[in-house]
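A quick write-up on the structure given underneath.
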Amino acid sequence: MTEIDELRATVEKLAAQVHTLQDQVDIMQLVAQYGPAVDSGSGEAAAALWTEDGVFDAIPHLRMEGRDDIVGMVHGAGHQSVIDNGCGHVLTVPHIVVDGDRATGRSHALHLRWDAGVGRFWVFQVSANTWRWVRTARGWRIAERVNANLDGTPAPRAILTPPAGG
């Protein structure tokens with residue numbers, strides 16, 4: 001292999017690594033938009049994070065299929081009551097595995113609620129999340145998010161199990 005061939009191979013390897021890193025950053029930015037969207041009551045902005053037929057399974061409370069279901073949840077009386085009383089949906093940085101135009105991941109989510117009586121927030125819920133993302137013509141979007149309360153039962157904990165070999 002010539003020096004030029006080695007240089008080309010190195011540049012190709014670095015370009016691939018940069019592409020993967022950019023995909024991971026784009027996905028992290030996508031996930032980071034969820035909390036502010038739902039906490040501000042912006043149903044359309046929250047729904048736009050998903051593919052048209054994307055799924056948000058908030059076990060055991062509600063399974064939403066498609067953007068209209070997500071908009072309905074955010075604009076619904078239950079969610080509006082929660083945000084009117086003060087809350088924050090805080091998602092941790094997900095572990096992301098990119099495979100071409102698809103990616104998977106796992107993370108935690110915290111749901112904080114305001115207690116006006118004592119003047120502080122408290123942790124209402126901590127959940128485990130699995131994610132499936134897809135690259136679309138408009139960038140990365142959520143194809144599926146499964147969110148399960150870490151209530152001490154094995155199934156939600158299993159969501160956080162690292163993938164085999166990783």
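So you can find residues: chains in the structure tokens are A, B, ... in the order shown, residues in each start at 1, and ligands are numbered from 1 in order.
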Secondary structure check, helix (DSSP H, G or I) residues of region 43-122 of chain A, as a list in words: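 Checking each residue of region 43-122 of chain A, the helix (DSSP H, G or I) ones are Gly43, Glu44, Ala45, Ala46, Ala47, Arg67, Asp68, Asp69, Ile70, Val71, Gly72, Met73, Val74, His75, Ala77, Gly78, His79, Gln80, Ser81, Val82, Ile83 and Asp84 of chain A.
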For His61 (chain A): contacts at 12 Å, only C-alpha atoms, fewer than 6 positions along chain excluded, given as a list in words: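 Result of the neighbour search: Met73, Gly78, Val146, Asn147, Ala148 and Asn149 of chain A.
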Test item: residues at most 12 Å from His79 (chain A), only C-alpha atoms, excluding those fewer than 4 positions along its chain, as a ChimeraX atom specification: /A:38-43,62,70-75,83-89
Filtering to N, CA, C and O atoms, could you give me those residues as a PDB file, in the first residue's frame?
ATOM      1  N   VAL A  38     -43.086  19.136  25.489  1.00  0.00           N
ATOM      2  CA  VAL A  38     -44.261  18.726  26.270  1.00  0.00           C
ATOM      3  C   VAL A  38     -44.492  19.631  27.470  1.00  0.00           C
ATOM      4  O   VAL A  38     -45.638  19.862  27.842  1.00  0.00           O
ATOM      5  N   ASP A  39     -43.420  20.167  28.055  1.00  0.00           N
ATOM      6  CA  ASP A  39     -43.591  21.042  29.217  1.00  0.00           C
ATOM      7  C   ASP A  39     -44.161  22.405  28.835  1.00  0.00           C
ATOM      8  O   ASP A  39     -44.771  23.076  29.666  1.00  0.00           O
ATOM      9  N   SER A  40     -43.980  22.802  27.587  1.00  0.00           N
ATOM     10  CA  SER A  40     -44.562  24.060  27.118  1.00  0.00           C
ATOM     11  C   SER A  40     -45.948  23.852  26.522  1.00  0.00           C
ATOM     12  O   SER A  40     -46.604  24.816  26.138  1.00  0.00           O
ATOM     13  N   GLY A  41     -46.380  22.590  26.433  1.00  0.00           N
ATOM     14  CA  GLY A  41     -47.688  22.287  25.872  1.00  0.00           C
ATOM     15  C   GLY A  41     -47.729  22.334  24.357  1.00  0.00           C
ATOM     16  O   GLY A  41     -48.796  22.451  23.767  1.00  0.00           O
ATOM     17  N   SER A  42     -46.575  22.226  23.730  1.00  0.00           N
ATOM     18  CA  SER A  42     -46.474  22.300  22.270  1.00  0.00           C
ATOM     19  C   SER A  42     -46.638  20.905  21.662  1.00  0.00           C
ATOM     20  O   SER A  42     -45.656  20.238  21.318  1.00  0.00           O
ATOM     21  N   GLY A  43     -47.873  20.488  21.523  1.00  0.00           N
ATOM     22  CA  GLY A  43     -48.153  19.150  21.027  1.00  0.00           C
ATOM     23  C   GLY A  43     -47.620  18.893  19.638  1.00  0.00           C
ATOM     24  O   GLY A  43     -47.082  17.821  19.352  1.00  0.00           O
ATOM     25  N   LEU A  62     -50.496   4.633  28.564  1.00  0.00           N
ATOM     26  CA  LEU A  62     -51.026   5.055  27.282  1.00  0.00           C
ATOM     27  C   LEU A  62     -50.079   4.627  26.168  1.00  0.00           C
ATOM     28  O   LEU A  62     -48.863   4.803  26.276  1.00  0.00           O
ATOM     29  N   ILE A  70     -49.994  11.674  19.781  1.00  0.00           N
ATOM     30  CA  ILE A  70     -49.049  12.408  20.636  1.00  0.00           C
ATOM     31  C   ILE A  70     -49.557  13.832  20.860  1.00  0.00           C
ATOM     32  O   ILE A  70     -49.549  14.333  21.988  1.00  0.00           O
ATOM     33  N   VAL A  71     -50.028  14.474  19.798  1.00  0.00           N
ATOM     34  CA  VAL A  71     -50.627  15.806  19.951  1.00  0.00           C
ATOM     35  C   VAL A  71     -51.798  15.733  20.934  1.00  0.00           C
ATOM     36  O   VAL A  71     -51.924  16.580  21.827  1.00  0.00           O
ATOM     37  N   GLY A  72     -52.638  14.716  20.785  1.00  0.00           N
ATOM     38  CA  GLY A  72     -53.789  14.554  21.676  1.00  0.00           C
ATOM     39  C   GLY A  72     -53.381  14.399  23.133  1.00  0.00           C
ATOM     40  O   GLY A  72     -54.033  14.954  24.024  1.00  0.00           O
ATOM     41  N   MET A  73     -52.300  13.654  23.377  1.00  0.00           N
ATOM     42  CA  MET A  73     -51.827  13.491  24.755  1.00  0.00           C
ATOM     43  C   MET A  73     -51.380  14.829  25.330  1.00  0.00           C
ATOM     44  O   MET A  73     -51.763  15.221  26.430  1.00  0.00           O
ATOM     45  N   VAL A  74     -50.564  15.565  24.573  1.00  0.00           N
ATOM     46  CA  VAL A  74     -50.035  16.843  25.078  1.00  0.00           C
ATOM     47  C   VAL A  74     -51.159  17.844  25.292  1.00  0.00           C
ATOM     48  O   VAL A  74     -51.162  18.577  26.280  1.00  0.00           O
ATOM     49  N   HIS A  75     -52.120  17.877  24.399  1.00  0.00           N
ATOM     50  CA  HIS A  75     -53.219  18.833  24.518  1.00  0.00           C
ATOM     51  C   HIS A  75     -54.350  18.335  25.416  1.00  0.00           C
ATOM     52  O   HIS A  75     -55.268  19.103  25.731  1.00  0.00           O
ATOM     53  N   ILE A  83     -48.979  20.181  33.563  1.00  0.00           N
ATOM     54  CA  ILE A  83     -48.104  21.324  33.273  1.00  0.00           C
ATOM     55  C   ILE A  83     -48.621  22.602  33.921  1.00  0.00           C
ATOM     56  O   ILE A  83     -47.824  23.470  34.295  1.00  0.00           O
ATOM     57  N   ASP A  84     -49.937  22.718  34.087  1.00  0.00           N
ATOM     58  CA  ASP A  84     -50.490  23.894  34.764  1.00  0.00           C
ATOM     59  C   ASP A  84     -50.078  23.957  36.231  1.00  0.00           C
ATOM     60  O   ASP A  84     -50.012  25.041  36.812  1.00  0.00           O
ATOM     61  N   ASN A  85     -49.796  22.797  36.818  1.00  0.00           N
ATOM     62  CA  ASN A  85     -49.362  22.753  38.215  1.00  0.00           C
ATOM     63  C   ASN A  85     -47.849  22.805  38.366  1.00  0.00           C
ATOM     64  O   ASN A  85     -47.347  22.834  39.489  1.00  0.00           O
ATOM     65  N   GLY A  86     -47.128  22.788  37.258  1.00  0.00           N
ATOM     66  CA  GLY A  86     -45.664  22.878  37.285  1.00  0.00           C
ATOM     67  C   GLY A  86     -45.013  21.507  37.203  1.00  0.00           C
ATOM     68  O   GLY A  86     -45.234  20.652  38.070  1.00  0.00           O
ATOM     69  N   CYS A  87     -44.272  21.283  36.152  1.00  0.00           N
ATOM     70  CA  CYS A  87     -43.579  20.009  36.001  1.00  0.00           C
ATOM     71  C   CYS A  87     -42.409  20.173  35.046  1.00  0.00           C
ATOM     72  O   CYS A  87     -42.266  21.195  34.374  1.00  0.00           O
ATOM     73  N   GLY A  88     -41.570  19.164  35.019  1.00  0.00           N
ATOM     74  CA  GLY A  88     -40.469  19.115  34.071  1.00  0.00           C
ATOM     75  C   GLY A  88     -40.209  17.674  33.666  1.00  0.00           C
ATOM     76  O   GLY A  88     -40.142  16.793  34.513  1.00  0.00           O
ATOM     77  N   HIS A  89     -40.116  17.452  32.365  1.00  0.00           N
ATOM     78  CA  HIS A  89     -39.744  16.139  31.828  1.00  0.00           C
ATOM     79  C   HIS A  89     -38.280  16.233  31.431  1.00  0.00           C
ATOM     80  O   HIS A  89     -37.931  16.980  30.502  1.00  0.00           O
TER      81      HIS A  89
END
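Minimum atom-to-atom distance to Ala143 (chain A), evaluated using only C-alpha atoms, belongs to A:Gly54 out of A:Gly66, A:Val93, A:His111, A:Gly54.
Every protein, DNA or RNA residue with an atom at most 10 Å from Thr136 (chain A), where only C-alpha atoms count and chain neighbours fewer than 5 positions away do not, is listed here: Thr51, Asp101, Arg102, Arg141 and Ile142 of chain A.
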Sel. of strand (DSSP E) residues, region 58-108 of chain A, as a PyMOL selection string: chain A and resi 58-59+62-65+87-91+95-99+102-108
Straight-line distance linking CA of Ile59 (chain A) with CA of Ile27 (chain A), stated in Å to one decimal: 22.7 Å
